[in-house]
Each structure stands twice: as structure tokens, then as C-alpha cells.
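A.B. asks: Dropping a structure here in C-alpha cells format, bear with me for questions.
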Amino acid sequence: MNQIKKLLFKAFSFSKTEASGSVVLILLIVLCLAMPAIYKSIFGLRYVGFKEDKTLLDSLIFQMNVKPRKPEILKPIPKVFNPNTASASELVSLGVPLFLARRVENFRKAGGTFRVKGDLAKIYDFPDSLYQSLQSYIDLPENLIEEDEVKEQGSPVPVKRNASARVVQKKQRYNEVPLIIDINTADTTEFKRLYGIGSGYSRQIVSFREALGGFHSVDQLKDMYGMKDSLFLQIKSFLHVSDTVTLESISINIATFKQLNAHPYISYELTKEILSAKSKYGKFKKADDLKRLKLIDSVTIQKLVPYLKF
């Protein structure tokens with residue numbers, strides 16, 4: 001009887017322990033499921049800024065729908081100008097690109113002068129369309145020769161009624177004594193004695209002569225920037241080169257890059273090729289050695305050789 005009681009007590013005790021374990025497990029599961037709600041109720045922030053956010057979002061949407069404004073392009077303002085005095089900013093306001101406006105200023109600083117309207121179109125890379133749009137606003141004559149002839153002939157003489165006819169003789173361009181100018185020794189004053197040559201051209205001729213190291217031919221004047229064929233043919237017969245002229249020469253084998261590139265007949269690219277050929281083939285010993293250069297032709301060689309020492 002006692003043994004039965006002991007067995008029943010053990011069975012009852014085991015069942016009671018299992019039941020309490022199940023209850024605890026269920027409570028833990030319920031607690032885990034309820035934790036987010038409990039955490040939010042205790043530590044969560046209550047958000048109340050819906051109106052402010054809506055206002056901000058509405059403004060952002062409005063800005064996204066507004067098309068961006070295109071930058072205003074300033075239209076050129078047409079006005080009368082003289083390219084000999086107009087500044088770079090004035091030229092830009094007329095529609096001239098900045099790099100061309102600076103090129104015009106550099107041309108003037110080098111002694112160049114715009115004598116007629118068409119001289120502006122001779123600036124390197126100056127578009128024909130731009131020149132056509134500015135032509136009527138350029139404060140320069142169309143034709144310099146016609147203007148000079150009017151000045152030489154003087155103002156018209158009024159004709160009196162019943163006056164006897166008179167023969168009016170035109171003024172001669174040059175004196176009866178032949179005008180001959182040595183282009184290696186003449187100064188700007190002498191060059192201005194030539195018909196069609198003013199202060200700008202005379203300064204440019206002298207500057208070109210100094211850069212060359214002297215002229216060995218009258219035809220070299222055609223190589224000067226801005227020298228028109230018509231003007232050259234007009235003055236050629238009054239120019240000459242002395243047989244005793246001494247040219248400034250360059251030692252091609254020892255000259256520096258700067259010295260070679262400073263000569264009007266030697267471009268930047270040709271200077272690099274000369275130095276490269278010298279290091280590749282050795283020194284230049286005679287004029288024929290220049291023929292190995294690809295950037296120089298026979299005509300330029302004939303012009304350049306008198307200025308070189310081998």
C-alpha cells in the first residue's frame with residue numbers, strides 16, 4: 001500500500017512540473033509577441049509634423065515642374081567703330097569673338113594699321129559673314145587710292161560764268177627726280193614718301209627688316225603680313241637692295257630653339273624639325289642638307305639660306 005502511494009506521489013509531482021513548464025513557455029511566447037507594441041508605447045516617438053512635410057514636398061514638386069530658364073544671350077549692338085582705336089571689349093560688343101578681338105589688338109601693337117574696310121577681313125580666321133555684317137559700320141574708306149587721289153587733286157575749283165577755260169594739271173605723285181629707296185637703310189620717314197605707305201606700313205617694314213636680319217631681295221616685302229599685291233607692284237619700282245648689304249646670319253648648328261623660331265621664315269614646327277634632324281642625322285654641312293626637312297620647300301630654302309651659317 002505504501003509503495004502505491006509513493007508511485008502516485010511521484011507521478012503527480014512529475015505532471016505538476018511539466019504543467020508549470022508549459023505555462024512558463026506560453027507566457028514567454030506571449031511576452032515576445034507583445035514586446036514591439038510595449039516598446040513602441042514606451043520608447044516610440046509620436047510623429048506630428050505631417051503638415052510641415054506636406055508643405056515641403058509641395059514646394060519640391062513645384063520646383064521640379066518649373067522649367068529652367070535659358071541664359072540670356074546678349075545680342076550684338078551695331079554701332080560705328082574704327083578698328084584702329086576700338087578696344088577688345090568694344091569689338092566683342094559688336095559680335096566679334098574675344099580671340100579675334102585680341103588678335104586685332106596684337107596686330108595694332110605690332111605696328112599694323114587698318115587703312116580701308118577690307119583690311120579687317122584680312123585678320124587671320126576672321127569670318128566673311130561677320131565682316132559683311134560689320135562692313136557698313138566700319139569708320140574707314142572703301143578704297144584708299146580713290147581717297148588719296150581726291151586729296152592730291154585738292155578741292156574742286158568753282159567755275160565762274162563767262163570765265164575763260166583753264167587747263168588743270170594733276171599733281172604728280174613723285175618729284176621729277178626719280179625716287180629710289182634702299183630698303184635696308186631707309187627709315188620710316190623715307191618709306192612714307194612712297195605713294196600708299198603711311199606710318200603703320202613704314203613701321204611694319206622696319207620691324208620686318210629687323211626680324212629678318214636685312215633684305216636680300218625687294219620681293220621679300222611680299223612676305224610681310226598685310227602687304228597687298230597691288231600695293232607692292234605700285235612701290236616696287238622705287239625700291240632696291242644694295243649689292244654690299246650685310247645680312248645678320250644664324251648658326252643653324254648651335255642656335256637655340258628661341259633663336260631659330262624668332263626668324264620670320266622659320267615656324268615653330270620647322271624649328272622642332274631642324275633640331276630633331278640635327279640630333280638624328282648630325283650637323284647641317286651645306287644648304288642641300290635642308291632638303292631632308294619635310295616642312296620646307298625649295299622656295300623657302302632659297303629665301304632662308306642667306307641667313308644661315310653652316
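Residue numbering restarts at 1 in every chain; chains get A, B, ... in the order shown in the C-alpha cells, and ligands count up from 1 in that same order.
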Give me, as a PyMOL selection string, all polymer residues having an atom no more than 9 Å from Phe310 (chain A), counting only C-alpha atoms and skipping those fewer than 3 positions away in the same chain.
C.D. replies: chain A and resi 250-253+283-287
A.B. asks: Would you write out those residues with C-alpha atoms, as a JSON list (two decimals), in the first residue's frame?
C.D. replies:
```
[["chain", "number", "residue", "atom", "x", "y", "z"],
["A", 250, "ILE", "CA", 72.17, 82.39, -87.71],
["A", 251, "SER", "CA", 74.49, 79.48, -86.95],
["A", 252, "ILE", "CA", 72.00, 76.70, -87.58],
["A", 253, "ASN", "CA", 74.06, 74.03, -85.79],
["A", 283, "LYS", "CA", 75.13, 68.77, -88.23],
["A", 284, "PHE", "CA", 73.97, 70.61, -91.33],
["A", 285, "LYS", "CA", 77.06, 70.98, -93.51],
["A", 286, "LYS", "CA", 75.57, 72.66, -96.60],
["A", 287, "ALA", "CA", 72.34, 74.15, -97.91]]
```
A.B. asks: Find the spatial neighbours of region 228-245 of chain A, counting only C-alpha atoms, within a cut-off of 9 Å - ignore same-chain residues fewer than 4 positions away - and output them as a PyMOL selection string.
C.D. replies: chain A and resi 178-184+194-197+214-219+221-222
A.B. asks: Can you write just those residues out, N, CA and C atoms, as a PDB file, in the first residue's frame?
C.D. replies:
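So the final result, stored in result.pdb, reads:
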```pdb
ATOM      1  N   PRO A 178      63.904 110.977-109.822  1.00  0.00           N
ATOM      2  CA  PRO A 178      63.453 109.620-109.509  1.00  0.00           C
ATOM      3  C   PRO A 178      63.637 109.296-108.030  1.00  0.00           C
ATOM      4  N   LEU A 179      62.611 108.704-107.451  1.00  0.00           N
ATOM      5  CA  LEU A 179      62.661 108.328-106.035  1.00  0.00           C
ATOM      6  C   LEU A 179      63.135 106.888-105.932  1.00  0.00           C
ATOM      7  N   ILE A 180      64.306 106.680-105.375  1.00  0.00           N
ATOM      8  CA  ILE A 180      64.852 105.344-105.180  1.00  0.00           C
ATOM      9  C   ILE A 180      65.201 105.184-103.704  1.00  0.00           C
ATOM     10  N   ILE A 181      64.671 104.145-103.089  1.00  0.00           N
ATOM     11  CA  ILE A 181      64.857 103.926-101.655  1.00  0.00           C
ATOM     12  C   ILE A 181      65.540 102.581-101.436  1.00  0.00           C
ATOM     13  N   ASP A 182      66.607 102.610-100.653  1.00  0.00           N
ATOM     14  CA  ASP A 182      67.290 101.377-100.253  1.00  0.00           C
ATOM     15  C   ASP A 182      66.534 100.813 -99.047  1.00  0.00           C
ATOM     16  N   ILE A 183      65.903  99.666 -99.216  1.00  0.00           N
ATOM     17  CA  ILE A 183      65.032  99.157 -98.157  1.00  0.00           C
ATOM     18  C   ILE A 183      65.802  98.637 -96.942  1.00  0.00           C
ATOM     19  N   ASN A 184      67.129  98.548 -97.043  1.00  0.00           N
ATOM     20  CA  ASN A 184      67.929  98.106 -95.894  1.00  0.00           C
ATOM     21  C   ASN A 184      68.426  99.271 -95.036  1.00  0.00           C
ATOM     22  N   LEU A 194      56.756 107.027-100.148  1.00  0.00           N
ATOM     23  CA  LEU A 194      56.159 106.175-101.164  1.00  0.00           C
ATOM     24  C   LEU A 194      54.647 106.344-101.174  1.00  0.00           C
ATOM     25  N   TYR A 195      54.083 106.394-102.359  1.00  0.00           N
ATOM     26  CA  TYR A 195      52.645 106.571-102.502  1.00  0.00           C
ATOM     27  C   TYR A 195      51.924 105.326-101.984  1.00  0.00           C
ATOM     28  N   GLY A 196      51.040 105.502-101.002  1.00  0.00           N
ATOM     29  CA  GLY A 196      50.294 104.395-100.418  1.00  0.00           C
ATOM     30  C   GLY A 196      50.895 103.844 -99.142  1.00  0.00           C
ATOM     31  N   ILE A 197      52.066 104.341 -98.727  1.00  0.00           N
ATOM     32  CA  ILE A 197      52.710 103.876 -97.500  1.00  0.00           C
ATOM     33  C   ILE A 197      52.574 104.959 -96.434  1.00  0.00           C
ATOM     34  N   GLY A 214      67.762  91.884 -92.290  1.00  0.00           N
ATOM     35  CA  GLY A 214      68.070  92.591 -93.522  1.00  0.00           C
ATOM     36  C   GLY A 214      67.400  91.937 -94.713  1.00  0.00           C
ATOM     37  N   PHE A 215      67.213  92.719 -95.793  1.00  0.00           N
ATOM     38  CA  PHE A 215      66.618  92.197 -97.023  1.00  0.00           C
ATOM     39  C   PHE A 215      67.732  91.838 -98.019  1.00  0.00           C
ATOM     40  N   HIS A 216      67.580  90.691 -98.673  1.00  0.00           N
ATOM     41  CA  HIS A 216      68.487  90.374 -99.773  1.00  0.00           C
ATOM     42  C   HIS A 216      67.772  90.464-101.122  1.00  0.00           C
ATOM     43  N   SER A 217      66.453  90.760-101.078  1.00  0.00           N
ATOM     44  CA  SER A 217      65.685  90.941-102.301  1.00  0.00           C
ATOM     45  C   SER A 217      64.486  91.840-102.023  1.00  0.00           C
ATOM     46  N   VAL A 218      64.140  92.669-103.000  1.00  0.00           N
ATOM     47  CA  VAL A 218      62.971  93.532-102.854  1.00  0.00           C
ATOM     48  C   VAL A 218      61.699  92.692-102.747  1.00  0.00           C
ATOM     49  N   ASP A 219      61.684  91.560-103.423  1.00  0.00           N
ATOM     50  CA  ASP A 219      60.494  90.702-103.412  1.00  0.00           C
ATOM     51  C   ASP A 219      60.143  90.185-102.024  1.00  0.00           C
ATOM     52  N   LEU A 221      59.468  91.832 -99.543  1.00  0.00           N
ATOM     53  CA  LEU A 221      58.408  92.664 -98.961  1.00  0.00           C
ATOM     54  C   LEU A 221      57.038  91.994 -99.121  1.00  0.00           C
ATOM     55  N   LYS A 222      56.893  91.155-100.130  1.00  0.00           N
ATOM     56  CA  LYS A 222      55.617  90.455-100.313  1.00  0.00           C
ATOM     57  C   LYS A 222      55.348  89.475 -99.178  1.00  0.00           C
TER      58      LYS A 222
END
```
A.B. asks: Identify, on the basis of only C-alpha atoms, every residue whose closest approach to His263 (chain A) does not exceed 12 Å; exclude the query and any residue fewer than 4 positions from it along the same chain; express the result as number ranges by chain.
C.D. replies: A: 207-214, 248-250, 252, 255-259, 267-268, 270-271, 303-304, 307-308
A.B. asks: What's the separation between CA of Ser93 (chain A) and CA of Lys122 (chain A), in Å to one decimal place?
C.D. replies: 20.3 Å
A.B. asks: Could you pull out all residues of region 216-247 of chain A with a DSSP call of helix (DSSP H, G or I) and give them as a ChimeraX atom specification?
C.D. replies: /A:218-223,229-238
A.B. asks: Please dump the current selection as a tab-separated table (two decimals), in the first residue's frame; keep all heavy atoms.
C.D. replies:
```tsv
chain	number	residue	atom	x	y	z
A	218	VAL	N	64.14	92.67	-103.00
A	218	VAL	CA	62.97	93.53	-102.85
A	218	VAL	C	61.70	92.69	-102.75
A	218	VAL	O	60.75	93.06	-102.05
A	218	VAL	CB	62.89	94.51	-104.04
A	218	VAL	CG1	61.57	95.29	-104.01
A	218	VAL	CG2	64.06	95.49	-104.01
A	219	ASP	N	61.68	91.56	-103.42
A	219	ASP	CA	60.49	90.70	-103.41
A	219	ASP	C	60.14	90.18	-102.02
A	219	ASP	O	59.02	89.70	-101.81
A	219	ASP	CB	60.69	89.52	-104.36
A	219	ASP	CG	60.68	89.93	-105.82
A	219	ASP	OD1	60.11	91.00	-106.12
A	219	ASP	OD2	61.25	89.21	-106.66
A	220	GLN	N	61.06	90.26	-101.09
A	220	GLN	CA	60.77	89.80	-99.73
A	220	GLN	C	59.70	90.63	-99.05
A	220	GLN	O	59.08	90.18	-98.09
A	220	GLN	CB	62.05	89.81	-98.88
A	220	GLN	CG	63.05	88.74	-99.24
A	220	GLN	CD	64.28	88.80	-98.35
A	220	GLN	OE1	65.22	89.54	-98.63
A	220	GLN	NE2	64.25	88.01	-97.29
A	221	LEU	N	59.47	91.83	-99.54
A	221	LEU	CA	58.41	92.66	-98.96
A	221	LEU	C	57.04	91.99	-99.12
A	221	LEU	O	56.12	92.26	-98.34
A	221	LEU	CB	58.39	94.05	-99.61
A	221	LEU	CG	59.32	95.10	-99.02
A	221	LEU	CD1	59.20	96.39	-99.79
A	221	LEU	CD2	59.01	95.34	-97.55
A	222	LYS	N	56.89	91.16	-100.13
A	222	LYS	CA	55.62	90.45	-100.31
A	222	LYS	C	55.35	89.47	-99.18
A	222	LYS	O	54.20	89.08	-98.96
A	222	LYS	CB	55.62	89.72	-101.65
A	222	LYS	CG	55.64	90.63	-102.87
A	222	LYS	CD	55.40	89.86	-104.15
A	222	LYS	CE	56.52	88.89	-104.44
A	222	LYS	NZ	56.33	88.21	-105.76
A	223	ASP	N	56.39	89.05	-98.47
A	223	ASP	CA	56.22	88.11	-97.36
A	223	ASP	C	55.75	88.80	-96.09
A	223	ASP	O	55.41	88.12	-95.11
A	223	ASP	CB	57.55	87.39	-97.07
A	223	ASP	CG	58.02	86.59	-98.27
A	223	ASP	OD1	57.18	86.12	-99.05
A	223	ASP	OD2	59.25	86.45	-98.44
A	229	ASP	N	49.25	92.70	-102.92
A	229	ASP	CA	49.97	92.60	-104.19
A	229	ASP	C	49.89	93.91	-104.97
A	229	ASP	O	50.87	94.34	-105.59
A	229	ASP	CB	49.40	91.45	-105.03
A	229	ASP	CG	49.70	90.09	-104.42
A	229	ASP	OD1	50.66	89.99	-103.63
A	229	ASP	OD2	48.98	89.13	-104.74
A	230	SER	N	48.72	94.55	-104.95
A	230	SER	CA	48.56	95.79	-105.70
A	230	SER	C	49.47	96.89	-105.15
A	230	SER	O	50.07	97.65	-105.92
A	230	SER	CB	47.10	96.25	-105.64
A	230	SER	OG	46.68	96.43	-104.29
A	231	LEU	N	49.60	96.96	-103.82
A	231	LEU	CA	50.46	97.97	-103.23
A	231	LEU	C	51.93	97.67	-103.51
A	231	LEU	O	52.72	98.58	-103.80
A	231	LEU	CB	50.21	98.04	-101.72
A	231	LEU	CG	51.07	99.04	-100.93
A	231	LEU	CD1	50.87	100.45	-101.46
A	231	LEU	CD2	50.73	98.98	-99.44
A	232	PHE	N	52.31	96.39	-103.45
A	232	PHE	CA	53.70	96.04	-103.72
A	232	PHE	C	54.09	96.39	-105.15
A	232	PHE	O	55.16	96.95	-105.40
A	232	PHE	CB	53.92	94.55	-103.46
A	232	PHE	CG	55.29	94.07	-103.85
A	232	PHE	CD1	56.39	94.38	-103.08
A	232	PHE	CD2	55.48	93.32	-105.01
A	232	PHE	CE1	57.67	93.97	-103.44
A	232	PHE	CE2	56.74	92.90	-105.38
A	232	PHE	CZ	57.84	93.22	-104.60
A	233	LEU	N	53.23	96.08	-106.12
A	233	LEU	CA	53.53	96.41	-107.52
A	233	LEU	C	53.60	97.92	-107.72
A	233	LEU	O	54.33	98.40	-108.59
A	233	LEU	CB	52.45	95.80	-108.42
A	233	LEU	CG	52.43	94.26	-108.49
A	233	LEU	CD1	51.24	93.79	-109.31
A	233	LEU	CD2	53.73	93.73	-109.07
A	234	GLN	N	52.87	98.65	-106.90
A	234	GLN	CA	52.86	100.11	-107.02
A	234	GLN	C	54.17	100.73	-106.55
A	234	GLN	O	54.62	101.74	-107.10
A	234	GLN	CB	51.68	100.65	-106.19
A	234	GLN	CG	51.51	102.16	-106.22
A	234	GLN	CD	50.28	102.58	-105.45
A	234	GLN	OE1	49.16	102.31	-105.89
A	234	GLN	NE2	50.48	103.22	-104.32
A	235	ILE	N	54.82	100.14	-105.55
A	235	ILE	CA	56.02	100.74	-104.97
A	235	ILE	C	57.31	100.02	-105.38
A	235	ILE	O	58.41	100.52	-105.12
A	235	ILE	CB	55.93	100.76	-103.43
A	235	ILE	CG1	55.91	99.32	-102.87
A	235	ILE	CG2	54.71	101.53	-102.97
A	235	ILE	CD1	55.93	99.24	-101.35
A	236	LYS	N	57.18	98.85	-106.01
A	236	LYS	CA	58.36	98.02	-106.29
A	236	LYS	C	59.42	98.76	-107.10
A	236	LYS	O	60.62	98.64	-106.82
A	236	LYS	CB	57.92	96.76	-107.04
A	236	LYS	CG	59.09	95.82	-107.37
A	236	LYS	CD	58.61	94.58	-108.10
A	236	LYS	CE	59.78	93.66	-108.44
A	236	LYS	NZ	59.32	92.44	-109.16
A	237	SER	N	59.01	99.53	-108.11
A	237	SER	CA	59.98	100.19	-108.99
A	237	SER	C	60.79	101.27	-108.29
A	237	SER	O	61.79	101.74	-108.82
A	237	SER	CB	59.26	100.79	-110.20
A	237	SER	OG	58.27	101.72	-109.79
A	238	PHE	N	60.38	101.67	-107.08
A	238	PHE	CA	61.08	102.73	-106.35
A	238	PHE	C	61.98	102.15	-105.25
A	238	PHE	O	62.56	102.91	-104.48
A	238	PHE	CB	60.07	103.70	-105.72
A	238	PHE	CG	59.14	104.32	-106.71
A	238	PHE	CD1	57.88	103.81	-106.92
A	238	PHE	CD2	59.55	105.42	-107.47
A	238	PHE	CE1	57.01	104.38	-107.84
A	238	PHE	CE2	58.69	105.99	-108.39
A	238	PHE	CZ	57.42	105.47	-108.58
```
A.B. asks: For Ser202 (chain A), find every residue with an atom within 9 Å (counting only C-alpha atoms), except residues of its own chain fewer than 5 positions away, and show them as an MDAnalysis selection string.
C.D. replies: chainID A and resid 111 187:192 197 207
A.B. asks: Let me see the file: selected residues, C-alpha atoms, as a short mmCIF file (atom, residue, chain, number, x, y, z; two decimals), in the first residue's frame.
C.D. replies:
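New file out_1.cif:
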```
data_model
loop_
_atom_site.label_atom_id
_atom_site.label_comp_id
_atom_site.auth_asym_id
_atom_site.auth_seq_id
_atom_site.Cartn_x
_atom_site.Cartn_y
_atom_site.Cartn_z
CA GLY A 111 52.60 98.33 -85.90
CA ASP A 187 63.86 104.76 -92.01
CA THR A 188 60.13 105.22 -91.51
CA THR A 189 60.23 108.79 -92.82
CA GLU A 190 61.73 107.70 -96.13
CA PHE A 191 59.25 104.85 -96.56
CA LYS A 192 56.36 107.28 -96.06
CA ILE A 197 52.71 103.88 -97.50
CA SER A 207 60.14 95.76 -87.89
#
```
A.B. asks: Write out as a PyMOL selection string the residues lying within 7 Å of region 94-107 of chain A, counting only C-alpha atoms and excluding same-chain residues fewer than 5 positions away.
C.D. replies: chain A and resi 76-78+88+112
A.B. asks: I need the chosen residues saved as a compact mmCIF listing (two decimals), in the first residue's frame, with N, CA and C atoms.
C.D. replies:
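This went into again20.txt:
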```txt
# COMPACT_ATOMS: atom_id res chain seq x y z
N PRO A 76 24.55 91.40 -80.35
CA PRO A 76 25.48 92.46 -80.71
C PRO A 76 24.76 93.79 -80.94
N ILE A 77 25.37 94.86 -80.48
CA ILE A 77 24.80 96.19 -80.66
C ILE A 77 25.54 96.87 -81.80
N PRO A 78 24.90 97.04 -82.96
CA PRO A 78 25.61 97.66 -84.09
C PRO A 78 25.86 99.14 -83.85
N ALA A 88 39.22 95.80 -77.24
CA ALA A 88 38.74 94.42 -77.38
C ALA A 88 37.30 94.28 -76.88
N GLY A 112 50.72 97.35 -87.09
CA GLY A 112 49.78 97.27 -88.20
C GLY A 112 48.72 98.36 -88.13
```
A.B. asks: Please report the interatomic distance between CA of Arg292 (chain A) and CA of Ile274 (chain A) in Å with one decimal.
C.D. replies: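 Computing the Euclidean distance for CA of Arg292 (chain A) and CA of Ile274 (chain A) yields 9.6 Å.
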A.B. asks: Interatomic distance between CA of Gln135 (chain A) and CA of Ala86 (chain A)?
C.D. replies: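 Straight-line distance from CA of Gln135 (chain A) to CA of Ala86 (chain A) works out to 14.7 Å.
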